[in-house]
>>> print(open('work.txt').read())   # compact mmCIF, C-alpha atoms and all ligand atoms
# COMPACT_ATOMS: atom_id res chain seq x y z
CA MET U 1 -19.98 -17.46 -2.18
CA PRO U 2 -18.65 -16.31 -5.52
CA SER U 3 -20.17 -17.92 -8.62
CA PRO U 4 -20.20 -17.11 -12.35
CA SER U 5 -23.23 -14.84 -11.91
CA HIS U 6 -21.82 -13.30 -8.71
CA PRO U 7 -18.09 -13.15 -9.17
CA ARG U 8 -15.88 -12.00 -6.34
CA LYS U 9 -15.61 -8.27 -5.86
CA ARG U 10 -12.26 -6.93 -6.99
CA VAL U 11 -9.81 -5.30 -4.62
CA LEU U 12 -6.83 -3.34 -5.76
CA SER U 13 -4.09 -1.60 -3.83
CA GLY U 14 -0.53 -0.47 -4.22
CA MET U 15 2.48 0.17 -2.07
CA ARG U 16 5.43 2.33 -2.93
CA SER U 17 8.68 0.55 -3.61
CA THR U 18 10.45 1.83 -0.53
CA GLY U 19 12.62 -1.25 0.09
CA LYS U 20 12.29 -3.49 3.13
CA LEU U 21 9.05 -3.05 5.09
CA HIS U 22 8.58 -2.45 8.81
CA LEU U 23 5.96 -3.52 11.32
CA GLY U 24 4.01 -0.32 10.73
CA ASN U 25 3.55 -1.31 7.07
CA PHE U 26 2.37 -4.72 8.23
CA VAL U 27 -0.16 -3.50 10.77
CA GLY U 28 -1.28 -0.58 8.62
CA ALA U 29 -1.81 -2.43 5.34
CA LEU U 30 -0.20 -5.76 4.62
CA ASP U 31 -1.88 -7.77 7.37
CA ASN U 32 -5.21 -6.52 6.06
CA TRP U 33 -4.34 -7.45 2.46
CA VAL U 34 -3.41 -10.96 3.51
CA ARG U 35 -6.82 -11.44 5.09
CA MET U 36 -8.65 -10.05 2.05
CA GLN U 37 -7.33 -12.78 -0.20
CA ASP U 38 -10.02 -15.23 0.93
CA GLN U 39 -12.88 -12.93 0.13
CA TYR U 40 -11.90 -10.89 -2.91
CA GLU U 41 -10.20 -11.09 -6.25
CA CYS U 42 -7.03 -9.22 -5.33
CA PHE U 43 -4.60 -7.12 -7.35
CA PHE U 44 -1.61 -5.79 -5.44
CA PHE U 45 1.15 -3.85 -7.08
CA VAL U 46 4.51 -2.33 -6.28
CA ALA U 47 4.17 1.35 -7.14
CA ASP U 48 7.63 2.04 -8.51
CA TRP U 49 6.56 5.02 -10.61
CA HIS U 50 4.99 6.52 -7.50
CA ALA U 51 8.30 6.18 -5.69
CA LEU U 52 9.83 8.31 -8.45
CA THR U 53 7.49 11.22 -7.75
CA THR U 54 9.59 12.04 -4.70
CA ASP U 55 12.79 10.06 -5.35
CA TYR U 56 13.48 10.89 -8.95
CA ALA U 57 17.07 12.05 -8.58
CA ASP U 58 18.65 8.66 -7.90
CA THR U 59 16.92 5.68 -9.48
CA SER U 60 19.74 3.19 -9.02
CA LYS U 61 17.86 1.20 -6.33
CA VAL U 62 14.41 1.06 -7.96
CA LYS U 63 14.39 -2.62 -8.93
CA GLU U 64 16.12 -3.76 -5.76
CA ASN U 65 13.57 -1.85 -3.65
CA SER U 66 10.69 -3.41 -5.58
CA VAL U 67 12.04 -6.91 -4.96
CA GLU U 68 12.46 -6.20 -1.25
CA VAL U 69 8.83 -5.13 -1.02
CA LEU U 70 7.72 -8.26 -2.84
CA LEU U 71 9.78 -10.49 -0.54
CA ASP U 72 8.11 -8.95 2.49
CA TRP U 73 4.68 -9.41 0.88
CA LEU U 74 5.36 -13.08 0.31
CA ALA U 75 6.80 -13.38 3.81
CA ALA U 76 3.66 -11.88 5.30
CA GLY U 77 1.51 -14.39 3.45
CA LEU U 78 0.36 -12.83 0.19
CA ASP U 79 -0.17 -15.87 -1.97
CA PRO U 80 0.54 -15.82 -5.72
CA GLU U 81 -2.09 -18.55 -6.18
CA ARG U 82 -4.78 -16.24 -4.91
CA SER U 83 -3.52 -12.71 -5.57
CA THR U 84 -2.14 -11.04 -8.65
CA MET U 85 1.05 -9.27 -7.63
CA PHE U 86 2.73 -7.04 -10.13
CA ILE U 87 4.94 -4.07 -10.79
CA GLN U 88 3.38 -0.81 -11.91
CA SER U 89 5.99 0.11 -14.49
CA HIS U 90 5.63 -3.31 -16.12
CA VAL U 91 2.08 -2.37 -17.08
CA PRO U 92 2.69 0.71 -19.25
CA GLN U 93 -1.07 1.01 -19.88
CA HIS U 94 -1.23 2.85 -16.53
CA ALA U 95 0.84 5.63 -18.09
CA GLU U 96 -1.42 5.95 -21.12
CA LEU U 97 -4.51 6.22 -18.95
CA HIS U 98 -2.72 8.70 -16.70
CA LEU U 99 -2.05 10.88 -19.72
CA LEU U 100 -5.67 10.79 -20.86
CA PHE U 101 -6.93 11.51 -17.34
CA SER U 102 -4.54 14.44 -17.07
CA MET U 103 -6.44 16.09 -19.92
CA VAL U 104 -9.73 16.15 -18.01
CA THR U 105 -8.48 16.77 -14.45
CA PRO U 106 -8.75 20.40 -13.34
CA LEU U 107 -5.61 21.76 -11.68
CA GLY U 108 -7.63 23.00 -8.72
CA TRP U 109 -8.56 19.41 -7.79
CA LEU U 110 -4.89 18.51 -7.50
CA GLU U 111 -3.80 21.59 -5.60
CA ARG U 112 -6.48 20.85 -3.01
CA VAL U 113 -5.27 17.28 -2.25
CA PRO U 114 -4.19 17.35 1.43
CA THR U 115 -1.10 15.17 0.99
CA TYR U 116 0.10 17.53 -1.73
CA LYS U 117 -0.02 20.64 0.44
CA GLU U 118 1.38 18.79 3.45
CA GLN U 119 4.34 17.26 1.68
CA ARG U 120 5.21 20.44 -0.21
CA GLU U 121 5.48 22.15 3.17
CA ASN U 122 7.17 19.35 5.12
CA ILE U 123 9.65 17.90 2.65
CA THR U 124 12.26 20.54 2.10
CA GLU U 125 15.32 18.46 1.29
CA LYS U 126 14.17 17.78 -2.28
CA ASP U 127 12.39 19.89 -4.87
CA LEU U 128 8.80 18.67 -5.15
CA GLY U 129 7.75 21.50 -7.43
CA THR U 130 7.48 19.04 -10.29
CA TYR U 131 4.71 18.16 -12.71
CA GLY U 132 4.92 14.50 -11.69
CA PHE U 133 4.50 15.19 -8.00
CA LEU U 134 1.41 17.35 -8.52
CA GLY U 135 -0.03 14.78 -10.91
CA TYR U 136 0.63 11.73 -8.76
CA PRO U 137 -3.02 11.35 -7.63
CA VAL U 138 -4.00 11.24 -11.31
CA LEU U 139 -1.59 8.35 -11.80
CA GLN U 140 -3.13 6.71 -8.75
CA ALA U 141 -6.58 7.16 -10.29
CA ALA U 142 -5.33 5.43 -13.44
CA ASP U 143 -3.83 2.59 -11.32
CA ILE U 144 -7.19 1.99 -9.71
CA LEU U 145 -9.62 2.56 -12.56
CA ILE U 146 -7.73 0.56 -15.17
CA TYR U 147 -8.68 -2.58 -13.17
CA LYS U 148 -12.22 -1.32 -12.48
CA GLY U 149 -11.64 -2.19 -8.83
CA ASP U 150 -14.65 -2.29 -6.50
CA PHE U 151 -12.66 -1.61 -3.34
CA VAL U 152 -9.37 0.06 -2.54
CA PRO U 153 -7.98 -0.80 0.91
CA VAL U 154 -6.03 2.23 2.11
CA GLY U 155 -5.05 4.09 5.25
CA GLU U 156 -6.76 7.30 6.22
CA ASP U 157 -4.21 9.54 4.51
CA GLN U 158 -5.04 7.97 1.14
CA VAL U 159 -8.83 8.34 1.30
CA PRO U 160 -8.79 11.76 -0.45
CA HIS U 161 -6.94 10.09 -3.34
CA VAL U 162 -9.70 7.51 -3.73
CA GLU U 163 -12.26 10.33 -3.57
CA LEU U 164 -10.39 12.13 -6.34
CA THR U 165 -10.35 8.87 -8.30
CA ARG U 166 -14.14 8.77 -8.09
CA GLU U 167 -14.35 12.36 -9.33
CA ILE U 168 -12.07 11.63 -12.25
CA ALA U 169 -14.14 8.54 -13.14
CA ARG U 170 -17.30 10.62 -13.07
CA ARG U 171 -15.81 13.36 -15.21
CA PHE U 172 -14.45 10.89 -17.75
CA ASN U 173 -17.82 9.13 -17.93
CA GLN U 174 -19.54 12.48 -18.51
CA PHE U 175 -17.40 13.28 -21.53
CA TYR U 176 -17.01 9.81 -23.01
CA ASN U 177 -19.00 6.61 -23.06
CA LEU U 178 -19.55 3.40 -24.98
CA LYS U 179 -22.91 3.90 -26.72
CA GLY U 180 -24.29 5.41 -23.53
CA LYS U 181 -22.59 2.88 -21.23
CA ALA U 182 -20.11 4.23 -18.67
CA VAL U 183 -16.56 2.90 -18.92
CA PHE U 184 -15.58 3.34 -15.28
CA PRO U 185 -17.34 2.26 -12.07
CA GLU U 186 -16.64 4.35 -8.99
CA PRO U 187 -14.45 2.47 -6.53
CA GLN U 188 -14.94 2.62 -2.75
CA PRO U 189 -12.15 3.13 -0.25
CA LEU U 190 -11.94 0.37 2.36
CA LEU U 191 -10.45 2.03 5.37
CA THR U 192 -7.83 -0.11 7.10
CA PRO U 193 -8.69 -0.23 10.80
CA ALA U 194 -5.86 1.95 12.01
CA ALA U 195 -4.18 0.44 15.01
CA LYS U 196 -1.69 3.14 15.86
CA LEU U 197 1.68 1.46 15.91
CA PRO U 198 4.29 3.42 17.84
CA GLY U 199 7.95 3.25 16.93
CA THR U 200 10.75 2.90 19.48
CA ASP U 201 10.68 6.65 20.22
CA GLY U 202 6.92 6.65 20.84
CA ARG U 203 6.08 8.54 17.63
CA LYS U 204 4.25 6.81 14.78
CA MET U 205 6.49 4.10 13.32
CA SER U 206 7.96 5.51 10.13
CA LYS U 207 11.05 4.98 8.04
CA SER U 208 11.79 8.70 8.06
CA TYR U 209 11.90 8.80 11.89
CA GLY U 210 14.39 5.93 12.17
CA ASN U 211 12.23 4.28 14.86
CA THR U 212 11.20 1.11 13.08
CA VAL U 213 11.23 -2.61 13.72
CA MET U 214 11.79 -4.22 10.33
CA LEU U 215 10.00 -7.41 9.28
CA THR U 216 13.47 -8.79 8.61
CA ASP U 217 15.04 -7.85 11.96
CA PRO U 218 16.55 -10.94 13.61
CA GLU U 219 15.51 -11.74 17.17
CA PRO U 220 18.50 -10.11 18.94
CA VAL U 221 17.91 -6.88 17.01
CA VAL U 222 14.21 -6.88 17.93
CA ARG U 223 15.08 -7.41 21.60
CA GLN U 224 17.73 -4.68 21.54
CA LYS U 225 15.38 -2.18 19.86
CA LEU U 226 12.68 -2.86 22.45
CA LYS U 227 15.16 -2.35 25.28
CA THR U 228 15.67 1.24 24.16
CA MET U 229 11.97 1.90 23.59
CA VAL U 230 10.45 4.81 25.51
CA THR U 231 7.93 3.99 28.28
CA ASP U 232 5.40 5.81 30.47
CA PRO U 233 7.44 8.88 31.51
CA ALA U 234 5.82 8.76 34.97
CA ARG U 235 7.63 5.48 35.74
CA ILE U 236 11.01 6.90 36.61
CA ARG U 237 11.95 4.39 39.31
CA ARG U 238 11.13 0.69 39.45
CA THR U 239 8.85 1.42 42.44
CA ASP U 240 6.78 4.07 40.57
CA PRO U 241 3.49 2.69 39.23
CA GLY U 242 2.83 3.23 35.54
CA ASN U 243 -0.02 3.20 33.04
CA PRO U 244 0.08 0.96 29.93
CA ASP U 245 -2.52 3.22 28.28
CA VAL U 246 0.03 6.03 27.97
CA CYS U 247 3.03 3.79 27.28
CA PRO U 248 4.15 2.91 23.73
CA VAL U 249 5.18 -0.56 24.96
CA GLY U 250 1.63 -0.90 26.29
CA ASP U 251 0.37 -0.11 22.76
CA LEU U 252 2.54 -2.90 21.35
CA HIS U 253 1.06 -5.34 23.86
CA LYS U 254 -2.47 -4.30 22.88
CA ILE U 255 -1.76 -5.10 19.24
CA PHE U 256 0.42 -8.19 19.51
CA SER U 257 0.13 -9.84 22.94
CA SER U 258 -2.35 -12.40 24.23
CA GLN U 259 -5.12 -11.40 26.66
CA GLU U 260 -3.25 -13.27 29.34
CA THR U 261 -0.06 -11.27 28.89
CA MET U 262 -2.07 -8.08 28.60
CA ALA U 263 -3.66 -8.82 31.98
CA LYS U 264 -0.24 -9.35 33.55
CA VAL U 265 1.00 -6.08 32.05
CA ASN U 266 -2.01 -4.13 33.24
CA ALA U 267 -1.86 -5.41 36.80
CA GLY U 268 1.94 -5.44 37.08
CA CYS U 269 2.51 -1.99 35.62
CA ARG U 270 -0.17 -0.22 37.63
CA SER U 271 1.02 -1.77 40.91
CA ALA U 272 4.72 -1.51 40.12
CA GLY U 273 4.75 -5.28 40.49
CA ILE U 274 6.77 -5.73 37.28
CA GLY U 275 9.65 -3.76 35.89
CA CYS U 276 9.72 -2.21 32.42
CA ILE U 277 12.57 -4.50 31.39
CA GLU U 278 10.46 -7.58 32.08
CA CYS U 279 7.45 -6.03 30.35
CA LYS U 280 9.52 -5.16 27.27
CA GLY U 281 10.80 -8.74 27.21
CA TRP U 282 7.21 -9.98 26.87
CA ALA U 283 6.53 -7.47 24.11
CA ALA U 284 9.65 -8.68 22.31
CA ASP U 285 8.40 -12.29 22.68
CA ALA U 286 5.15 -11.34 20.96
CA LEU U 287 6.96 -9.60 18.09
CA VAL U 288 9.38 -12.46 17.59
CA ASN U 289 6.42 -14.85 17.46
CA ILE U 290 4.91 -12.90 14.58
CA LEU U 291 8.17 -12.24 12.74
CA ASN U 292 9.63 -15.75 12.97
CA PRO U 293 7.25 -17.48 10.55
CA MET U 294 7.52 -14.53 8.17
CA GLN U 295 11.29 -14.71 8.14
CA GLN U 296 11.16 -18.44 7.48
CA ARG U 297 8.83 -17.94 4.53
CA ARG U 298 11.02 -15.11 3.25
CA LYS U 299 14.10 -17.29 3.30
CA LYS U 300 12.79 -19.61 0.61
CA TYR U 301 12.54 -16.68 -1.82
CA GLU U 302 15.73 -14.98 -0.67
CA ASP U 303 17.62 -18.15 -1.49
CA ASN U 304 16.04 -18.22 -4.92
CA PRO U 305 15.36 -14.63 -6.06
CA ARG U 306 14.33 -15.86 -9.51
CA LEU U 307 11.29 -17.50 -7.91
CA ALA U 308 10.13 -14.17 -6.51
CA TRP U 309 10.80 -12.26 -9.71
CA ASP U 310 8.88 -14.87 -11.71
CA ILE U 311 5.85 -14.18 -9.53
CA LEU U 312 6.02 -10.47 -10.36
CA GLU U 313 6.48 -11.15 -14.06
CA ALA U 314 3.57 -13.59 -14.24
CA GLY U 315 1.41 -11.16 -12.26
CA SER U 316 2.41 -8.28 -14.52
CA ALA U 317 1.48 -10.29 -17.62
CA LYS U 318 -1.93 -11.01 -16.15
CA ALA U 319 -2.39 -7.37 -15.14
CA ARG U 320 -1.45 -6.19 -18.65
CA LYS U 321 -4.27 -8.29 -20.11
CA VAL U 322 -6.87 -6.73 -17.84
CA ALA U 323 -5.43 -3.25 -18.33
CA ASP U 324 -5.35 -3.68 -22.09
CA ALA U 325 -9.02 -4.63 -22.24
CA THR U 326 -9.91 -1.47 -20.32
CA MET U 327 -7.71 0.66 -22.57
CA GLU U 328 -9.51 -0.65 -25.65
CA GLU U 329 -12.77 0.56 -24.14
CA VAL U 330 -11.22 3.89 -23.20
CA ARG U 331 -9.85 4.45 -26.70
CA ASP U 332 -13.18 3.42 -28.23
CA ALA U 333 -15.11 5.78 -26.00
CA MET U 334 -12.74 8.61 -26.94
CA HIS U 335 -12.85 7.80 -30.68
CA MET U 336 -9.18 7.00 -30.57
CA SER U 337 -9.26 3.33 -31.38
CA LEU U 338 -6.07 1.81 -32.79
CA ASP U 339 -8.33 -0.05 -35.25
CA TYR U 340 -9.35 3.17 -36.99
CA GLU U 341 -10.46 2.65 -40.57
CA PRO U 342 -10.65 5.79 -42.77
CA GLY U 343 -13.94 6.06 -44.63
CA ASN U 344 -15.79 3.67 -42.30
CA PRO U 345 -18.49 5.66 -40.47
CA GLN U 346 -17.98 3.43 -37.44
CA GLY U 347 -14.35 4.44 -37.55
CA LYS U 348 -13.35 0.83 -36.94
CA ARG U 349 -12.10 -2.06 -38.94
N1 LIG U 401 -0.19 6.41 -3.11
C1 LIG U 401 -0.10 5.20 -2.33
C2 LIG U 401 0.85 5.43 -1.16
O1 LIG U 401 1.65 6.34 -1.20
C3 LIG U 401 0.38 4.03 -3.16
C4 LIG U 401 -0.51 3.79 -4.33
C5 LIG U 401 -0.21 4.07 -5.61
C6 LIG U 401 -1.81 3.22 -4.30
N2 LIG U 401 -1.25 3.72 -6.43
C7 LIG U 401 -2.23 3.18 -5.66
C8 LIG U 401 -2.65 2.75 -3.29
C9 LIG U 401 -3.50 2.70 -6.00
C10 LIG U 401 -3.91 2.28 -3.63
C11 LIG U 401 -4.33 2.25 -4.99
O2 LIG U 401 0.77 4.69 -0.20
FE1 LIG U 402 5.22 0.55 29.82
FE2 LIG U 402 5.36 -1.99 30.56
FE3 LIG U 402 6.87 -0.15 31.79
FE4 LIG U 402 4.25 -0.20 32.15
S1 LIG U 402 5.71 -1.78 32.75
S2 LIG U 402 5.49 1.62 31.76
S3 LIG U 402 3.50 -0.82 30.13
S4 LIG U 402 7.02 -0.76 29.67
>>> encode(input="work.txt", output="structure tokens", more="lines below")
Ligand code: TRP
Ligand code: SF4
Amino acid sequence: MPSPSHPRKRVLSGMRSTGKLHLGNFVGALDNWVRMQDQYECFFFVADWHALTTDYADTSKVKENSVEVLLDWLAAGLDPERSTMFIQSHVPQHAELHLLFSMVTPLGWLERVPTYKEQRENITEKDLGTYGFLGYPVLQAADILIYKGDFVPVGEDQVPHVELTREIARRFNQFYNLKGKAVFPEPQPLLTPAAKLPGTDGRKMSKSYGNTVMLTDPEPVVRQKLKTMVTDPARIRRTDPGNPDVCPVGDLHKIFSSQETMAKVNAGCRSAGIGCIECKGWAADALVNILNPMQQRRKKYEDNPRLAWDILEAGSAKARKVADATMEEVRDAMHMSLDYEPGNPQGKR
């Protein structure tokens, strides 16, 4: 149990402001965040600057996309009483720390980041040969370290970024300290147990594939999307037996359905006792069951957008306080305090 001498460990994570979220975002991150609220002191932020590293050309939807993300967070059960939710760009201290980190981060570290190489090769429709795109893991390091987070819940693809964050913390601490005391602790990644969530085409659910079920999809849309979902290719006719272990609909059942339903799917599919249409109907039932309460919670904030925005503003104010305290230490350690006093050997007022 947390107490004054053993305060809760701090968790921090961010999500790009991509607009409305889909079930893959929920299973891959959000669901995990919601559960962490009981155990940790949580800071969750909408990474709107990070969204600009790839989508810098048209910024007209930035705020709208941030609000959509927040609404889905609240819908999923992030609770402003327990978690600090904020917007990255409303805490400009991140940018100052990013700048200072950029001075001590060797270029080679950034060029080696796997997501950098991958995305430079795979994303061809926009020019990612920018300074900001290369430096984005340094900004992420600033996001994390400015709150001195203990744990950073992330998916597998983001683990190298947390590793780089640890290296930057170490390097900063080597150069600068507060009378021998390190400014930054090294955060640990907390790997989100990755249930692989297939989209309607069987590939990983992703906005860029157009195969998503959105958290905001109404029931008829969910049912329609499932109807077109790919199945075990061996089940061509109704009388052909199938295998839920190689069927994307089977994967959905494993994540969302009860043991009872799962047993019916297993037996019925393998014996050709059920048809895929029936099976997909059960999968849709399970999804609707999860999405319904979320959509009800979302409605309250949709009807009153000011309520949602107030949560982000209050969270951002709280985050600025924490970030500011860290920046004072950083400036002190670097002999760049804003309280500089000429002639005083301490350099401070
Ligand atoms: N880079 C992360 C992503 O693309 C988002 C992110 C930005 C983040 N800053 C962070 C995640 C800090 C964890 C901690 O998903
Ligand atoms: Fe997939 Fe269900 Fe059809 Fe089996 S019955 S192939 S699990 S959709």
>>> closest_residue(input="work.txt", among="U:Ile123, U:Leu164, U:Met294, U:Met229", to="Ile144 in chain U", atoms="only C-alpha atoms")
U:Leu164
>>> closest_residue(input="work.txt", among="U:Leu197, U:Ala325, U:Val162, U:Val265", to="ligand LIG 401 (chain U)", atoms="all atoms listed in the file")
U:Val162
>>> residues_near_point(input="work.txt", point="(-17.6, -4.3, -5.6)", cutoff="10 Å", atoms="only C-alpha atoms", output="list of chain:residue names")
U:Pro7, U:Arg8, U:Lys9, U:Arg10, U:Val11, U:Tyr40, U:Lys148, U:Gly149, U:Asp150, U:Phe151, U:Val152, U:Pro185, U:Glu186, U:Pro187, U:Gln188
>>> closest_atom_pairs(input="work.txt", of="chain U", to="ligand LIG 402 (chain U)", cutoff="8 Å", atoms="all atoms listed in the file", output="CSV")
residue,atom,partner,partner_atom,distance
U:Val230,CA,U:LIG402,S4,7.8
U:Thr231,CA,U:LIG402,FE1,4.6
U:Asp232,CA,U:LIG402,S2,4.4
U:Pro233,CA,U:LIG402,S2,7.5
U:Ala234,CA,U:LIG402,S2,7.8
U:Arg235,CA,U:LIG402,S2,5.9
U:Pro241,CA,U:LIG402,FE4,7.7
U:Gly242,CA,U:LIG402,S2,4.9
U:Asn243,CA,U:LIG402,FE4,5.5
U:Pro244,CA,U:LIG402,S3,3.9
U:Asp245,CA,U:LIG402,S3,7.5
U:Val246,CA,U:LIG402,FE1,7.8
U:Cys247,CA,U:LIG402,FE1,4.7
U:Pro248,CA,U:LIG402,FE1,6.6
U:Val249,CA,U:LIG402,FE1,5.0
U:Gly250,CA,U:LIG402,S3,4.3
U:Val265,CA,U:LIG402,S3,6.1
U:Asn266,CA,U:LIG402,S3,7.1
U:Gly268,CA,U:LIG402,S1,6.8
U:Cys269,CA,U:LIG402,FE4,4.3
U:Arg270,CA,U:LIG402,FE4,7.0
U:Ala272,CA,U:LIG402,S1,7.4
U:Ile274,CA,U:LIG402,S1,6.1
U:Gly275,CA,U:LIG402,S1,5.4
U:Cys276,CA,U:LIG402,FE3,3.6
U:Ile277,CA,U:LIG402,S4,6.9
U:Glu278,CA,U:LIG402,S1,7.5
U:Cys279,CA,U:LIG402,FE2,4.6
U:Lys280,CA,U:LIG402,S4,5.6
>>> residues_near_ligand(input="work.txt", ligand="ligand LIG 401 (chain U)", cutoff="7 Å", atoms="only C-alpha atoms and all ligand atoms", output="short mmCIF file (atom, residue, chain, number, x, y, z; two decimals) with C-alpha atoms, keeping the file's coordinate frame")
data_model
loop_
_atom_site.label_atom_id
_atom_site.label_comp_id
_atom_site.auth_asym_id
_atom_site.auth_seq_id
_atom_site.Cartn_x
_atom_site.Cartn_y
_atom_site.Cartn_z
CA LEU U 12 -6.83 -3.34 -5.76
CA SER U 13 -4.09 -1.60 -3.83
CA GLY U 14 -0.53 -0.47 -4.22
CA MET U 15 2.48 0.17 -2.07
CA ARG U 16 5.43 2.33 -2.93
CA ALA U 47 4.17 1.35 -7.14
CA HIS U 50 4.99 6.52 -7.50
CA GLN U 140 -3.13 6.71 -8.75
CA ALA U 141 -6.58 7.16 -10.29
CA ASP U 143 -3.83 2.59 -11.32
CA ILE U 144 -7.19 1.99 -9.71
CA VAL U 152 -9.37 0.06 -2.54
CA PRO U 153 -7.98 -0.80 0.91
CA VAL U 154 -6.03 2.23 2.11
CA GLN U 158 -5.04 7.97 1.14
#
>>> residues_near_point(input="work.txt", point="(-2.3, 1.1, -19.9)", cutoff="7 Å", atoms="only C-alpha atoms", output="PyMOL selection string")
chain U and resi 91-97+323-324+327
>>> axis_aligned_box(input="work.txt", around="range 324-336 of chain U", padding_each_side="6 Å", output="AutoDock Vina command-line options")
--center_x -10.2 --center_y 2.0 --center_z -25.5 --size_x 21.8 --size_y 25.2 --size_z 22.4
>>> atom_distance(input="work.txt", atom1="CA of Asp157 in chain U", atom2="CA of Leu191 in chain U")
9.8 Å
>>> residues_around(input="work.txt", residues="range 315-320 of chain U", least_positions_apart="2", cutoff="12 Å", atoms="all atoms listed in the file", output="number ranges by chain")
U: 12, 42-46, 70, 79-94, 143-144, 146-148, 308-313, 322-327
>>> atom_distance(input="work.txt", atom1="CA of Glu111 in chain U", atom2="CA of Leu134 in chain U")
7.3 Å
>>> closest_residue(input="work.txt", among="U:Trp73, U:Tyr56, U:Phe184, U:Phe101", to="Ala29 in chain U", atoms="all atoms listed in the file")
U:Trp73
>>> closest_residue(input="work.txt", among="U:Leu78, U:Leu21, U:Glu68, U:Asp251", to="Asp38 in chain U", atoms="only C-alpha atoms")
U:Leu78
>>> atom_distance(input="work.txt", atom1="CA of Arg298 in chain U", atom2="CA of Asn211 in chain U")
22.6 Å
>>> closest_residue(input="work.txt", among="U:Gly24, U:Pro189, U:Gly19, U:Pro305", to="Val213 in chain U", atoms="only C-alpha atoms")
U:Gly24
